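So this block is my_file_8.tsv, TSV, C-alpha atoms:
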```
chain	number	residue	atom	x	y	z
A	1	MET	CA	-13.18	11.08	25.37
A	2	ALA	CA	-10.19	13.31	26.25
A	3	GLN	CA	-8.60	10.38	28.11
A	4	ASN	CA	-9.20	8.11	25.09
A	5	LYS	CA	-7.55	10.70	22.89
A	6	SER	CA	-4.43	10.90	25.07
A	7	THR	CA	-4.22	7.08	25.34
A	8	ASP	CA	-4.53	6.86	21.56
A	9	GLY	CA	-1.87	9.55	21.18
A	10	ALA	CA	0.53	7.63	23.47
A	11	ARG	CA	-0.18	4.39	21.61
A	12	GLY	CA	0.46	6.19	18.34
A	13	VAL	CA	3.84	7.48	19.53
A	14	ILE	CA	4.84	3.98	20.74
A	15	ALA	CA	3.70	2.48	17.42
A	16	TRP	CA	5.75	5.01	15.41
A	17	ILE	CA	8.84	4.45	17.58
A	18	GLY	CA	8.37	0.66	17.22
A	19	LEU	CA	8.09	0.99	13.45
A	20	GLY	CA	11.20	3.20	13.37
A	21	ILE	CA	13.20	0.57	15.30
A	22	ILE	CA	11.92	-2.28	13.09
A	23	TRP	CA	12.77	-0.30	9.96
A	24	GLY	CA	16.20	0.69	11.36
A	25	ILE	CA	17.11	-2.97	11.99
A	26	TYR	CA	15.73	-3.91	8.55
A	27	SER	CA	17.81	-1.21	6.87
A	28	TYR	CA	20.96	-2.23	8.75
A	29	LEU	CA	20.47	-5.90	7.82
A	30	THR	CA	19.72	-4.98	4.19
A	31	PHE	CA	23.14	-3.33	3.90
A	32	GLN	CA	24.77	-6.38	5.52
A	33	THR	CA	23.32	-8.91	3.05
A	34	PRO	CA	25.86	-10.73	0.86
A	35	SER	CA	26.40	-8.73	-2.33
A	36	GLN	CA	28.28	-11.13	-4.58
A	37	GLN	CA	25.27	-12.71	-6.32
A	38	ALA	CA	23.59	-9.37	-7.09
A	39	THR	CA	26.78	-7.65	-8.25
A	40	THR	CA	27.51	-10.49	-10.67
A	41	ARG	CA	23.94	-10.83	-11.93
A	42	TYR	CA	23.27	-7.16	-12.60
A	43	ASN	CA	26.88	-6.19	-13.27
A	44	LEU	CA	26.98	-3.60	-10.46
A	45	ASP	CA	29.78	-2.45	-8.19
A	46	VAL	CA	29.30	-2.34	-4.42
A	47	VAL	CA	28.51	1.40	-4.36
A	48	GLN	CA	25.83	0.99	-7.05
A	49	LEU	CA	24.37	-1.97	-5.20
A	50	ASN	CA	24.20	-0.01	-1.95
A	51	LEU	CA	22.46	2.84	-3.76
A	52	LEU	CA	20.01	0.29	-5.14
A	53	LYS	CA	19.37	-1.05	-1.64
A	54	LEU	CA	18.68	2.52	-0.52
A	55	THR	CA	16.07	2.91	-3.28
A	56	VAL	CA	14.31	-0.15	-1.87
A	57	ILE	CA	14.45	0.52	1.88
A	58	ILE	CA	13.09	4.06	1.56
A	59	PRO	CA	9.92	3.02	-0.32
A	60	VAL	CA	9.57	0.15	2.21
A	61	LEU	CA	9.52	2.77	4.98
A	62	ILE	CA	6.91	4.76	3.03
A	63	ILE	CA	4.69	1.67	2.64
A	64	TRP	CA	5.01	0.62	6.29
A	65	SER	CA	4.31	4.20	7.37
A	66	ALA	CA	1.25	4.41	5.08
A	67	ILE	CA	-0.14	1.16	6.53
A	68	LEU	CA	0.56	2.22	10.13
A	69	TYR	CA	-0.90	5.69	9.52
A	70	SER	CA	-4.15	4.28	8.09
A	71	CYS	CA	-4.33	1.69	10.87
A	72	LEU	CA	-3.91	4.35	13.59
A	73	LYS	CA	-6.41	6.72	11.94
A	74	LEU	CA	-8.98	3.94	11.58
A	75	HIS	CA	-8.39	2.77	15.15
A	76	SER	CA	-8.65	6.30	16.52
A	77	TYR	CA	-11.90	6.88	14.57
A	78	SER	CA	-13.38	3.58	15.76
A	79	GLN	CA	-12.48	4.41	19.38
A	80	ILE	CA	-14.32	7.74	19.20
A	81	ILE	CA	-17.54	5.99	18.15
A	82	ILE	CA	-16.85	2.61	19.80
A	83	HIS	CA	-20.24	2.52	21.56
A	84	SER	CA	-22.05	2.57	18.23
A	85	GLU	CA	-22.38	-0.33	15.78
A	86	ASP	CA	-20.34	1.45	13.11
A	87	GLY	CA	-17.54	1.98	15.66
A	88	ARG	CA	-17.23	-1.77	16.18
A	89	ALA	CA	-17.29	-2.30	12.40
A	90	PHE	CA	-14.48	0.19	11.81
A	91	ARG	CA	-12.43	-1.33	14.65
A	92	LEU	CA	-12.48	-4.70	12.84
A	93	ILE	CA	-11.39	-2.97	9.63
A	94	ALA	CA	-8.54	-1.27	11.55
A	95	GLN	CA	-7.45	-4.67	12.89
A	96	GLY	CA	-7.47	-6.02	9.33
A	97	VAL	CA	-5.20	-3.18	8.19
A	98	PHE	CA	-2.89	-3.96	11.14
A	99	PHE	CA	-2.50	-7.53	9.82
A	100	MET	CA	-1.40	-6.00	6.48
A	101	LEU	CA	1.43	-4.27	8.34
A	102	VAL	CA	2.44	-7.47	10.16
A	103	SER	CA	2.39	-9.31	6.81
A	104	SER	CA	4.55	-6.72	5.06
A	105	ILE	CA	7.13	-6.59	7.89
A	106	SER	CA	7.28	-10.39	8.34
A	107	SER	CA	7.70	-10.99	4.63
A	108	SER	CA	10.47	-8.37	4.35
A	109	TYR	CA	12.39	-9.90	7.26
A	110	ILE	CA	12.04	-13.48	6.00
A	111	SER	CA	13.27	-12.30	2.57
A	112	LEU	CA	16.32	-10.83	4.30
A	113	PHE	CA	17.03	-14.09	6.13
A	114	ILE	CA	16.80	-15.88	2.78
A	115	GLN	CA	19.55	-13.63	1.44
A	116	PHE	CA	21.73	-14.37	4.46
A	117	SER	CA	21.20	-18.12	4.02
A	118	GLN	CA	22.34	-18.45	0.40
A	119	ASN	CA	25.09	-20.91	1.45
A	120	ASN	CA	22.49	-23.25	2.96
A	121	PRO	CA	20.10	-24.26	0.11
A	122	GLY	CA	17.95	-26.42	2.41
A	123	LEU	CA	17.30	-23.49	4.75
A	124	VAL	CA	16.56	-21.19	1.79
A	125	VAL	CA	13.88	-23.60	0.55
A	126	ASN	CA	12.30	-23.81	4.02
A	127	LEU	CA	12.37	-20.03	4.45
A	128	ARG	CA	10.73	-19.53	1.05
A	129	ILE	CA	7.96	-21.96	2.00
A	130	LEU	CA	7.58	-20.19	5.35
A	131	ASN	CA	7.42	-16.79	3.63
A	132	ASN	CA	4.67	-17.95	1.26
A	133	TYR	CA	2.62	-19.36	4.13
A	134	VAL	CA	3.11	-16.34	6.39
A	135	VAL	CA	2.04	-13.95	3.62
A	136	VAL	CA	-1.01	-15.99	2.57
A	137	PHE	CA	-2.11	-16.61	6.19
A	138	LEU	CA	-1.79	-12.94	7.15
A	139	ALA	CA	-3.47	-11.74	3.92
A	140	LEU	CA	-6.37	-14.11	4.62
A	141	SER	CA	-6.62	-12.97	8.25
A	142	SER	CA	-6.44	-9.33	7.19
A	143	PHE	CA	-9.21	-9.56	4.61
A	144	TYR	CA	-11.32	-11.77	6.90
A	145	LEU	CA	-11.33	-9.00	9.52
A	146	ILE	CA	-12.00	-6.29	6.91
A	147	TRP	CA	-14.83	-8.39	5.46
A	148	LYS	CA	-16.26	-8.95	8.97
A	149	GLY	CA	-16.20	-5.20	9.62
A	150	SER	CA	-17.76	-4.39	6.25
A	151	ARG	CA	-20.43	-7.04	6.92
A	152	LYS	CA	-21.38	-5.17	10.12
A	153	LEU	CA	-21.75	-1.99	8.04
A	154	ILE	CA	-24.20	-3.84	5.78
A	155	THR	CA	-26.22	-4.88	8.84
A	156	ILE	CA	-26.29	-1.26	10.07
A	157	ALA	CA	-27.56	-0.12	6.64
A	158	ASN	CA	-30.16	-2.96	6.59
A	159	ALA	CA	-28.84	-3.87	3.15
A	160	GLU	CA	-28.51	-7.67	3.50
A	161	LYS	CA	-30.86	-8.16	0.55
A	162	LYS	CA	-28.74	-5.93	-1.67
A	163	ILE	CA	-25.55	-7.88	-0.96
A	164	LYS	CA	-27.41	-11.16	-1.61
A	165	LYS	CA	-28.38	-9.79	-5.01
A	166	GLN	CA	-24.71	-9.04	-5.74
A	167	ALA	CA	-23.52	-12.49	-4.61
A	168	LYS	CA	-23.71	-14.07	-8.08
A	169	PHE	CA	-21.75	-11.19	-9.61
A	170	ILE	CA	-19.08	-11.44	-6.88
A	171	TRP	CA	-18.68	-15.23	-7.22
A	172	PHE	CA	-18.57	-14.91	-11.00
A	173	SER	CA	-15.88	-12.20	-10.78
A	174	VAL	CA	-13.78	-14.33	-8.44
A	175	PHE	CA	-14.20	-17.34	-10.73
A	176	MET	CA	-13.15	-15.27	-13.76
A	177	LEU	CA	-10.08	-14.04	-11.89
A	178	SER	CA	-9.23	-17.47	-10.46
A	179	PHE	CA	-9.39	-19.42	-13.70
A	180	PRO	CA	-6.45	-17.68	-15.43
A	181	TYR	CA	-4.61	-17.48	-12.08
A	182	VAL	CA	-4.72	-21.26	-11.60
A	183	TYR	CA	-3.71	-21.67	-15.25
A	184	PHE	CA	-0.69	-19.36	-14.83
A	185	VAL	CA	0.32	-21.11	-11.59
A	186	LEU	CA	0.28	-24.50	-13.34
A	187	GLN	CA	2.18	-23.04	-16.31
A	188	ASN	CA	4.85	-21.53	-14.08
A	189	PRO	CA	7.93	-23.69	-14.89
A	190	VAL	CA	9.61	-22.95	-11.54
A	191	ARG	CA	6.60	-23.45	-9.28
A	192	ASN	CA	7.92	-26.71	-7.70
A	193	VAL	CA	11.66	-26.64	-8.25
A	194	SER	CA	14.05	-24.53	-10.25
A	195	ASP	CA	17.09	-25.84	-12.08
A	196	MET	CA	17.65	-22.47	-13.81
A	197	ALA	CA	20.64	-20.52	-12.58
A	198	GLY	CA	19.70	-17.41	-10.62
A	199	ILE	CA	15.97	-18.20	-10.63
A	200	ASN	CA	14.41	-19.39	-7.41
A	201	SER	CA	11.46	-21.73	-7.22
A	202	THR	CA	8.19	-19.88	-6.52
A	203	TYR	CA	6.67	-22.31	-4.00
A	204	ASN	CA	9.01	-25.31	-3.47
A	205	LEU	CA	5.92	-27.47	-3.01
A	206	PRO	CA	4.14	-30.23	-4.99
A	207	ASP	CA	1.17	-29.10	-7.12
A	208	VAL	CA	-1.44	-30.54	-4.74
A	209	LEU	CA	-0.07	-28.50	-1.84
A	210	ILE	CA	0.35	-25.37	-4.01
A	211	LEU	CA	-3.30	-25.54	-5.06
A	212	ALA	CA	-4.71	-26.53	-1.67
A	213	THR	CA	-2.63	-24.40	0.68
A	214	ILE	CA	-1.53	-21.38	-1.38
A	215	VAL	CA	-3.82	-20.88	-4.39
A	216	ALA	CA	-7.11	-21.75	-2.63
A	217	PRO	CA	-6.45	-19.43	0.38
A	218	TYR	CA	-5.47	-16.62	-2.03
A	219	ILE	CA	-8.70	-17.07	-3.99
A	220	LEU	CA	-10.58	-16.99	-0.67
A	221	THR	CA	-8.69	-13.79	0.20
A	222	TRP	CA	-9.79	-12.24	-3.10
A	223	LEU	CA	-13.37	-13.32	-2.44
A	224	LEU	CA	-13.31	-11.69	1.00
A	225	GLY	CA	-11.60	-8.60	-0.45
A	226	ILE	CA	-14.14	-8.19	-3.24
A	227	TYR	CA	-17.01	-8.82	-0.80
A	228	SER	CA	-15.54	-6.16	1.52
A	229	VAL	CA	-15.31	-3.58	-1.28
A	230	VAL	CA	-18.87	-4.34	-2.47
A	231	ASN	CA	-20.14	-4.19	1.15
A	232	MET	CA	-18.49	-0.78	1.61
A	233	SER	CA	-19.89	0.41	-1.70
A	234	ILE	CA	-23.43	-0.69	-0.72
A	235	PHE	CA	-23.06	0.92	2.71
A	236	LYS	CA	-22.06	4.14	0.96
A	237	GLU	CA	-25.09	3.93	-1.35
A	238	GLU	CA	-27.56	3.04	1.38
A	239	THR	CA	-26.42	5.38	4.11
A	240	LYS	CA	-27.69	8.94	4.32
A	241	GLY	CA	-25.58	12.09	4.37
A	242	ILE	CA	-24.07	13.97	1.40
A	243	ILE	CA	-20.87	14.85	3.30
A	244	TYR	CA	-20.56	11.46	5.01
A	245	LYS	CA	-21.03	9.60	1.69
A	246	ASN	CA	-18.32	11.69	0.06
A	247	VAL	CA	-15.82	10.74	2.78
A	248	LEU	CA	-16.85	7.07	2.63
A	249	GLY	CA	-16.20	7.17	-1.12
A	250	LYS	CA	-12.51	7.96	-0.51
A	251	PHE	CA	-12.31	5.18	2.03
A	252	TYR	CA	-13.91	2.65	-0.34
A	253	ARG	CA	-11.74	3.64	-3.32
A	254	GLY	CA	-8.64	3.16	-1.16
A	255	PHE	CA	-9.63	-0.41	-0.32
A	256	LEU	CA	-10.53	-1.06	-3.95
A	257	THR	CA	-6.97	-0.01	-4.95
A	258	VAL	CA	-5.47	-2.29	-2.29
A	259	ILE	CA	-7.50	-5.36	-3.33
A	260	VAL	CA	-6.70	-4.79	-7.04
A	261	LEU	CA	-3.02	-4.67	-6.07
A	262	VAL	CA	-3.26	-7.87	-3.98
A	263	ILE	CA	-4.76	-9.71	-6.97
A	264	SER	CA	-2.24	-8.25	-9.44
A	265	MET	CA	0.65	-9.25	-7.16
A	266	GLN	CA	-0.39	-12.91	-7.26
A	267	TYR	CA	-0.54	-12.83	-11.05
A	268	LEU	CA	2.86	-11.17	-11.18
A	269	THR	CA	4.40	-13.84	-8.92
A	270	GLN	CA	3.73	-16.41	-11.65
A	271	PHE	CA	6.03	-14.59	-14.07
A	272	SER	CA	9.16	-15.03	-11.98
A	273	THR	CA	11.01	-16.61	-14.92
A	274	PHE	CA	10.43	-13.50	-17.02
A	275	LEU	CA	11.23	-11.18	-14.11
A	276	SER	CA	14.44	-13.03	-13.30
A	277	GLN	CA	15.63	-12.53	-16.86
A	278	ALA	CA	14.43	-8.95	-17.19
A	279	ASN	CA	16.90	-6.12	-16.89
A	280	LEU	CA	17.21	-4.19	-13.67
A	281	SER	CA	15.36	-1.07	-14.83
A	282	ILE	CA	12.22	-3.09	-15.76
A	283	ILE	CA	12.26	-4.82	-12.37
A	284	LEU	CA	12.71	-1.49	-10.58
A	285	ILE	CA	9.88	0.15	-12.56
A	286	ILE	CA	7.53	-2.73	-11.63
A	287	VAL	CA	8.61	-2.58	-7.97
A	288	TYR	CA	8.10	1.20	-7.80
A	289	ILE	CA	4.69	1.02	-9.50
A	290	ILE	CA	3.59	-1.61	-6.97
A	291	LEU	CA	4.91	0.42	-4.05
A	292	PHE	CA	3.36	3.63	-5.36
A	293	VAL	CA	-0.10	2.08	-5.97
A	294	ASN	CA	0.00	0.37	-2.56
A	295	ALA	CA	0.93	3.60	-0.79
A	296	LEU	CA	-1.70	5.52	-2.76
A	297	GLY	CA	-4.49	3.07	-1.82
A	298	LEU	CA	-3.50	3.10	1.83
A	299	MET	CA	-3.25	6.89	1.93
A	300	MET	CA	-6.77	7.09	0.49
A	301	VAL	CA	-7.97	4.80	3.30
A	302	ALA	CA	-6.09	6.91	5.86
A	303	ASN	CA	-7.45	10.14	4.40
A	304	GLY	CA	-11.01	8.76	4.56
A	305	ALA	CA	-10.49	7.70	8.20
A	306	ARG	CA	-8.97	11.11	9.04
A	307	GLN	CA	-11.99	12.91	7.59
A	308	LEU	CA	-14.43	10.56	9.36
A	309	THR	CA	-12.61	11.41	12.61
A	310	LYS	CA	-12.94	15.10	11.78
A	311	ILE	CA	-16.73	14.68	11.46
A	312	GLU	CA	-16.76	13.21	14.98
A	313	THR	CA	-14.74	16.03	16.49
A	314	ALA	CA	-16.06	19.09	14.60
B	1	MET	CA	-37.05	14.00	22.47
B	2	THR	CA	-38.68	17.25	21.32
B	3	ASN	CA	-40.23	17.81	17.94
B	4	LEU	CA	-37.74	20.60	17.23
B	5	TYR	CA	-34.71	18.43	18.07
B	6	GLU	CA	-36.05	15.57	15.92
B	7	ASN	CA	-36.46	17.96	12.99
B	8	ILE	CA	-32.93	19.32	13.42
B	9	LEU	CA	-31.63	15.76	13.60
B	10	GLY	CA	-33.59	14.78	10.48
B	11	ILE	CA	-32.07	17.65	8.50
B	12	THR	CA	-28.52	17.02	9.76
B	13	THR	CA	-28.82	13.31	8.89
B	14	ASP	CA	-29.24	14.32	5.23
B	15	TYR	CA	-25.69	15.70	5.39
B	16	LEU	CA	-23.86	13.58	7.96
B	17	GLY	CA	-25.71	10.26	7.90
B	18	PRO	CA	-24.97	8.02	10.90
B	19	ALA	CA	-22.68	10.69	12.40
B	20	ALA	CA	-25.50	13.27	12.53
B	21	GLN	CA	-26.82	12.63	16.04
B	22	ARG	CA	-23.35	12.66	17.61
B	23	PHE	CA	-22.55	15.84	15.63
B	24	ILE	CA	-25.69	17.76	16.57
B	25	ASP	CA	-25.58	16.63	20.22
B	26	ARG	CA	-21.99	17.87	20.40
B	27	GLN	CA	-22.89	21.27	18.92
B	28	ILE	CA	-25.75	21.68	21.41
B	29	ALA	CA	-23.68	20.56	24.41
B	30	PHE	CA	-20.42	22.40	23.62
B	31	HIS	CA	-21.78	25.66	22.21
B	32	LEU	CA	-25.24	26.07	23.74
B	33	HIS	CA	-24.43	24.24	27.02
B	34	LYS	CA	-27.77	22.47	26.90
B	35	LYS	CA	-29.12	18.95	26.64
B	36	PRO	CA	-30.65	18.03	23.24
B	37	ASP	CA	-34.23	18.00	24.61
B	38	GLU	CA	-33.78	21.47	26.17
B	39	ILE	CA	-33.30	23.21	22.83
B	40	THR	CA	-35.84	25.88	21.86
B	41	LYS	CA	-36.54	28.05	18.83
B	42	ASP	CA	-34.59	30.90	20.50
B	43	ASP	CA	-31.45	28.73	20.29
B	44	LEU	CA	-31.76	28.21	16.54
B	45	PRO	CA	-29.80	31.28	15.28
B	46	ASN	CA	-26.87	30.41	17.57
B	47	LEU	CA	-27.04	26.72	16.65
B	48	VAL	CA	-27.21	27.48	12.91
B	49	GLY	CA	-24.07	29.60	13.25
B	50	TRP	CA	-22.12	26.78	14.94
B	51	VAL	CA	-23.45	24.11	12.57
B	52	SER	CA	-22.38	26.25	9.59
B	53	ILE	CA	-18.88	26.76	10.99
B	54	SER	CA	-18.45	23.08	11.86
B	55	LEU	CA	-19.82	21.80	8.55
B	56	ALA	CA	-17.65	24.23	6.60
B	57	SER	CA	-14.59	22.65	8.25
B	58	LEU	CA	-15.67	19.25	6.90
B	59	THR	CA	-16.47	19.99	3.27
B	60	GLU	CA	-15.70	22.37	0.45
B	61	ASP	CA	-19.30	22.03	-0.74
B	62	THR	CA	-20.52	25.49	0.32
B	63	ASN	CA	-23.97	24.83	-1.18
B	64	ALA	CA	-24.48	21.86	1.14
B	65	VAL	CA	-23.43	23.92	4.17
B	66	LYS	CA	-25.73	26.82	3.21
B	67	ASP	CA	-28.60	24.47	2.41
B	68	CYS	CA	-28.32	22.73	5.79
B	69	ALA	CA	-28.12	26.06	7.64
B	70	ASP	CA	-31.15	27.47	5.76
B	71	ARG	CA	-33.24	24.37	6.44
B	72	ILE	CA	-32.48	24.49	10.19
B	73	SER	CA	-33.21	28.25	10.24
B	74	ASP	CA	-36.57	27.64	8.56
B	75	LEU	CA	-37.61	25.44	11.49
B	76	ALA	CA	-38.12	28.64	13.52
B	77	SER	CA	-41.23	29.38	11.50
B	78	ASN	CA	-42.27	25.84	10.53
B	79	VAL	CA	-42.15	23.87	13.78
B	80	ASN	CA	-44.49	24.33	16.71
```
Any chance you could give the structure as structure tokens?
Amino acid sequence: MAQNKSTDGARGVIAWIGLGIIWGIYSYLTFQTPSQQATTRYNLDVVQLNLLKLTVIIPVLIIWSAILYSCLKLHSYSQIIIHSEDGRAFRLIAQGVFFMLVSSISSSYISLFIQFSQNNPGLVVNLRILNNYVVVFLALSSFYLIWKGSRKLITIANAEKKIKKQAKFIWFSVFMLSFPYVYFVLQNPVRNVSDMAGINSTYNLPDVLILATIVAPYILTWLLGIYSVVNMSIFKEETKGIIYKNVLGKFYRGFLTVIVLVISMQYLTQFSTFLSQANLSIILIIVYIILFVNALGLMMVANGARQLTKIETA
Amino acid sequence: MTNLYENILGITTDYLGPAAQRFIDRQIAFHLHKKPDEITKDDLPNLVGWVSISLASLTEDTNAVKDCADRISDLASNVN
């Protein structure tokens, strides 16, 4: 156990150094991106634009750190109890959270490359398509692993019947969320191409491909996310232990916050026309709310994992 | 597994759920330097003290900590 702890500690240090390097490169590249388009569009001088970039890269560091922190805490907890069924369940959940980090970093870097490629419209289109696919694939992988882990928790609690009873409610919820989402996607005037100045196309794909390869996987991601949250909630209800349940509650509420944000983000993406025309302060407020809620949800997950670890070491 | 240990485990499970066995085994091994099936009624006061300290570090719910400690203490007179 002591050896595991030191290995975990070393891995943690390497992970934090790695994240620092990735963020350092990201920050450097962010300040190197061409400024002309943004300065014209928002009527900013170079100093103001650089200050604006600073207000983005710092929250990005906070988000990446929050994801890495919860991933490490979950991994460390799962390693302590790895020989038990719940240990294996929590390890899958930790792996799912790791995919969230990979998704966030990949997407941020691809977005940077898009900014560097503004003189090559063909490359911009391809990078946008790539970004959409990377994000949807990693979100799906992430929630698949979290769902798989939460499913194991249901098996441990012998609560398969309870989740079966909830199935109709879950499918109905996903349907109710999907219906307006598909409607908004099909109403989005820049979903395929954009001929509006300063507004980029959301998907750069024909409708069939948008629905089959972007919208459908996102709806599946939501389904897995909602199933995961319900599984965790049932595990919390079914498991014994006043103190243990209390800690699990924090963990579950953190994931609930994250899945609500994932769903909201997809809705928000459909309003790119409005967002492109909105003034800078509205865009910044929306961005900061998203970053704050995301960080909050992840910190709740991390706090839950930290307290679960504490139970195993007290 | 002794009757006394099973009773202690049953009580601790009400507070720590699936983590209870690992928790109580750790308290017995680290603080009493015994195996779980070697525990006797004479060990209870010492064990209750360590369980109280450890539980208090996990929760602010002092009633839960006191309740758990009292229930384990009561085993001294209730279990053969």
Between chain B and chain A, at 10 Å or less, what are the per-residue closest atom pairs and their distances in Å? Count all atoms listed in the file, order by chain and rising residue number, and return it as JSON lines.
```
{"residue": "B:Ile11", "atom": "CA", "partner": "A:Gly241", "partner_atom": "CA", "distance": 9.5}
{"residue": "B:Thr12", "atom": "CA", "partner": "A:Gly241", "partner_atom": "CA", "distance": 7.9}
{"residue": "B:Thr13", "atom": "CA", "partner": "A:Gly241", "partner_atom": "CA", "distance": 5.7}
{"residue": "B:Asp14", "atom": "CA", "partner": "A:Gly241", "partner_atom": "CA", "distance": 4.4}
{"residue": "B:Tyr15", "atom": "CA", "partner": "A:Gly241", "partner_atom": "CA", "distance": 3.8}
{"residue": "B:Leu16", "atom": "CA", "partner": "A:Gly241", "partner_atom": "CA", "distance": 4.3}
{"residue": "B:Gly17", "atom": "CA", "partner": "A:Gly241", "partner_atom": "CA", "distance": 4.0}
{"residue": "B:Pro18", "atom": "CA", "partner": "A:Lys240", "partner_atom": "CA", "distance": 7.2}
{"residue": "B:Ala19", "atom": "CA", "partner": "A:Glu312", "partner_atom": "CA", "distance": 6.9}
{"residue": "B:Ala20", "atom": "CA", "partner": "A:Gly241", "partner_atom": "CA", "distance": 8.2}
{"residue": "B:Arg22", "atom": "CA", "partner": "A:Glu312", "partner_atom": "CA", "distance": 7.1}
{"residue": "B:Phe23", "atom": "CA", "partner": "A:Glu312", "partner_atom": "CA", "distance": 6.4}
{"residue": "B:Ile24", "atom": "CA", "partner": "A:Ala314", "partner_atom": "CA", "distance": 9.9}
{"residue": "B:Arg26", "atom": "CA", "partner": "A:Ala314", "partner_atom": "CA", "distance": 8.4}
{"residue": "B:Gln27", "atom": "CA", "partner": "A:Ala314", "partner_atom": "CA", "distance": 8.4}
{"residue": "B:Trp50", "atom": "CA", "partner": "A:Ala314", "partner_atom": "CA", "distance": 9.8}
{"residue": "B:Val51", "atom": "CA", "partner": "A:Ala314", "partner_atom": "CA", "distance": 9.2}
{"residue": "B:Ile53", "atom": "CA", "partner": "A:Ala314", "partner_atom": "CA", "distance": 8.9}
{"residue": "B:Ser54", "atom": "CA", "partner": "A:Ala314", "partner_atom": "CA", "distance": 5.4}
{"residue": "B:Leu55", "atom": "CA", "partner": "A:Ala314", "partner_atom": "CA", "distance": 7.6}
{"residue": "B:Ala56", "atom": "CA", "partner": "A:Ala314", "partner_atom": "CA", "distance": 9.6}
{"residue": "B:Ser57", "atom": "CA", "partner": "A:Ala314", "partner_atom": "CA", "distance": 7.4}
{"residue": "B:Leu58", "atom": "CA", "partner": "A:Ile311", "partner_atom": "CA", "distance": 6.5}
{"residue": "B:Thr59", "atom": "CA", "partner": "A:Ile243", "partner_atom": "CA", "distance": 6.8}
{"residue": "B:Glu60", "atom": "CA", "partner": "A:Ile243", "partner_atom": "CA", "distance": 9.6}
{"residue": "B:Asp61", "atom": "CA", "partner": "A:Ile243", "partner_atom": "CA", "distance": 8.4}
{"residue": "B:Ala64", "atom": "CA", "partner": "A:Ile242", "partner_atom": "CA", "distance": 7.9}
{"residue": "B:Val65", "atom": "CA", "partner": "A:Ile243", "partner_atom": "CA", "distance": 9.5}
```
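Shell of Asp70 of chain B at 12 Å, with only C-alpha atoms counted and residues fewer than 6 places along the chain excluded, is B:Ile8, B:Ile11, B:Thr12, B:Leu44, B:Pro45, B:Leu47, B:Val48, B:Gly49, B:Val51, B:Ser52, B:Asn63, B:Ala64, B:Ala76, B:Ser77.
Of the listed residues A:Leu51, A:Leu209, A:Leu61, A:Ile286, the one whose atoms come nearest to Ile22 of chain A is A:Leu61, with distances taken using only C-alpha atoms.
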Could you list, with a cut-off of 12 Å and counting all atoms listed in the file, the residues of segment 181-275 of chain A near segment 88-106 of chain A, each shown with its nearest atom pair and the distance in Å rounded to one decimal, rows sorted by chain and ascending number, as a Markdown table?
```
| residue | atom | partner | partner_atom | distance |
| --- | --- | --- | --- | --- |
| A:Leu224 | CA | A:Gly96 | CA | 11.6 |
| A:Gly225 | CA | A:Gly96 | CA | 10.9 |
| A:Ser228 | CA | A:Ile93 | CA | 9.7 |
| A:Val229 | CA | A:Ile93 | CA | 11.6 |
| A:Asn231 | CA | A:Ala89 | CA | 11.8 |
| A:Met232 | CA | A:Ile93 | CA | 10.9 |
| A:Phe235 | CA | A:Ala89 | CA | 11.7 |
| A:Leu248 | CA | A:Phe90 | CA | 11.7 |
| A:Phe251 | CA | A:Ile93 | CA | 11.2 |
| A:Tyr252 | CA | A:Ile93 | CA | 11.7 |
| A:Gly254 | CA | A:Val97 | CA | 11.8 |
| A:Phe255 | CA | A:Val97 | CA | 10.0 |
| A:Val258 | CA | A:Met100 | CA | 10.4 |
| A:Ile259 | CA | A:Met100 | CA | 11.6 |
| A:Val262 | CA | A:Met100 | CA | 10.8 |
```
Quiz item: For the atom pair atom CA of Phe113 of chain A and atom CA of Thr55 of chain A, what is the interatomic distance in Å to one decimal place?
Solution: 19.5 Å
Quiz prompt | Point-to-point distance in Å for atom CA of Phe271 of chain A and atom CA of Val230 of chain A | solution = 29.3 Å
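Proximity to Pro59 of chain A was assessed for A:Phe274, A:Ile110, A:Ser27, A:Asp8 counting only C-alpha atoms; the smallest distance is recorded for A:Ser27.
Atom CA of Tyr77 of chain A to atom CA of Ile146 of chain A spans 15.2 Å [interatomic distance, one decimal].
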Coordinates of box centre and edge lengths for segment 64-80 of chain B, 4 Å on every side, axis-aligned, as lines of an AutoDock Vina configuration file:
```
center_x = -34.0
center_y = 25.6
center_z = 8.9
size_x = 29.1
size_y = 15.5
size_z = 23.6
```
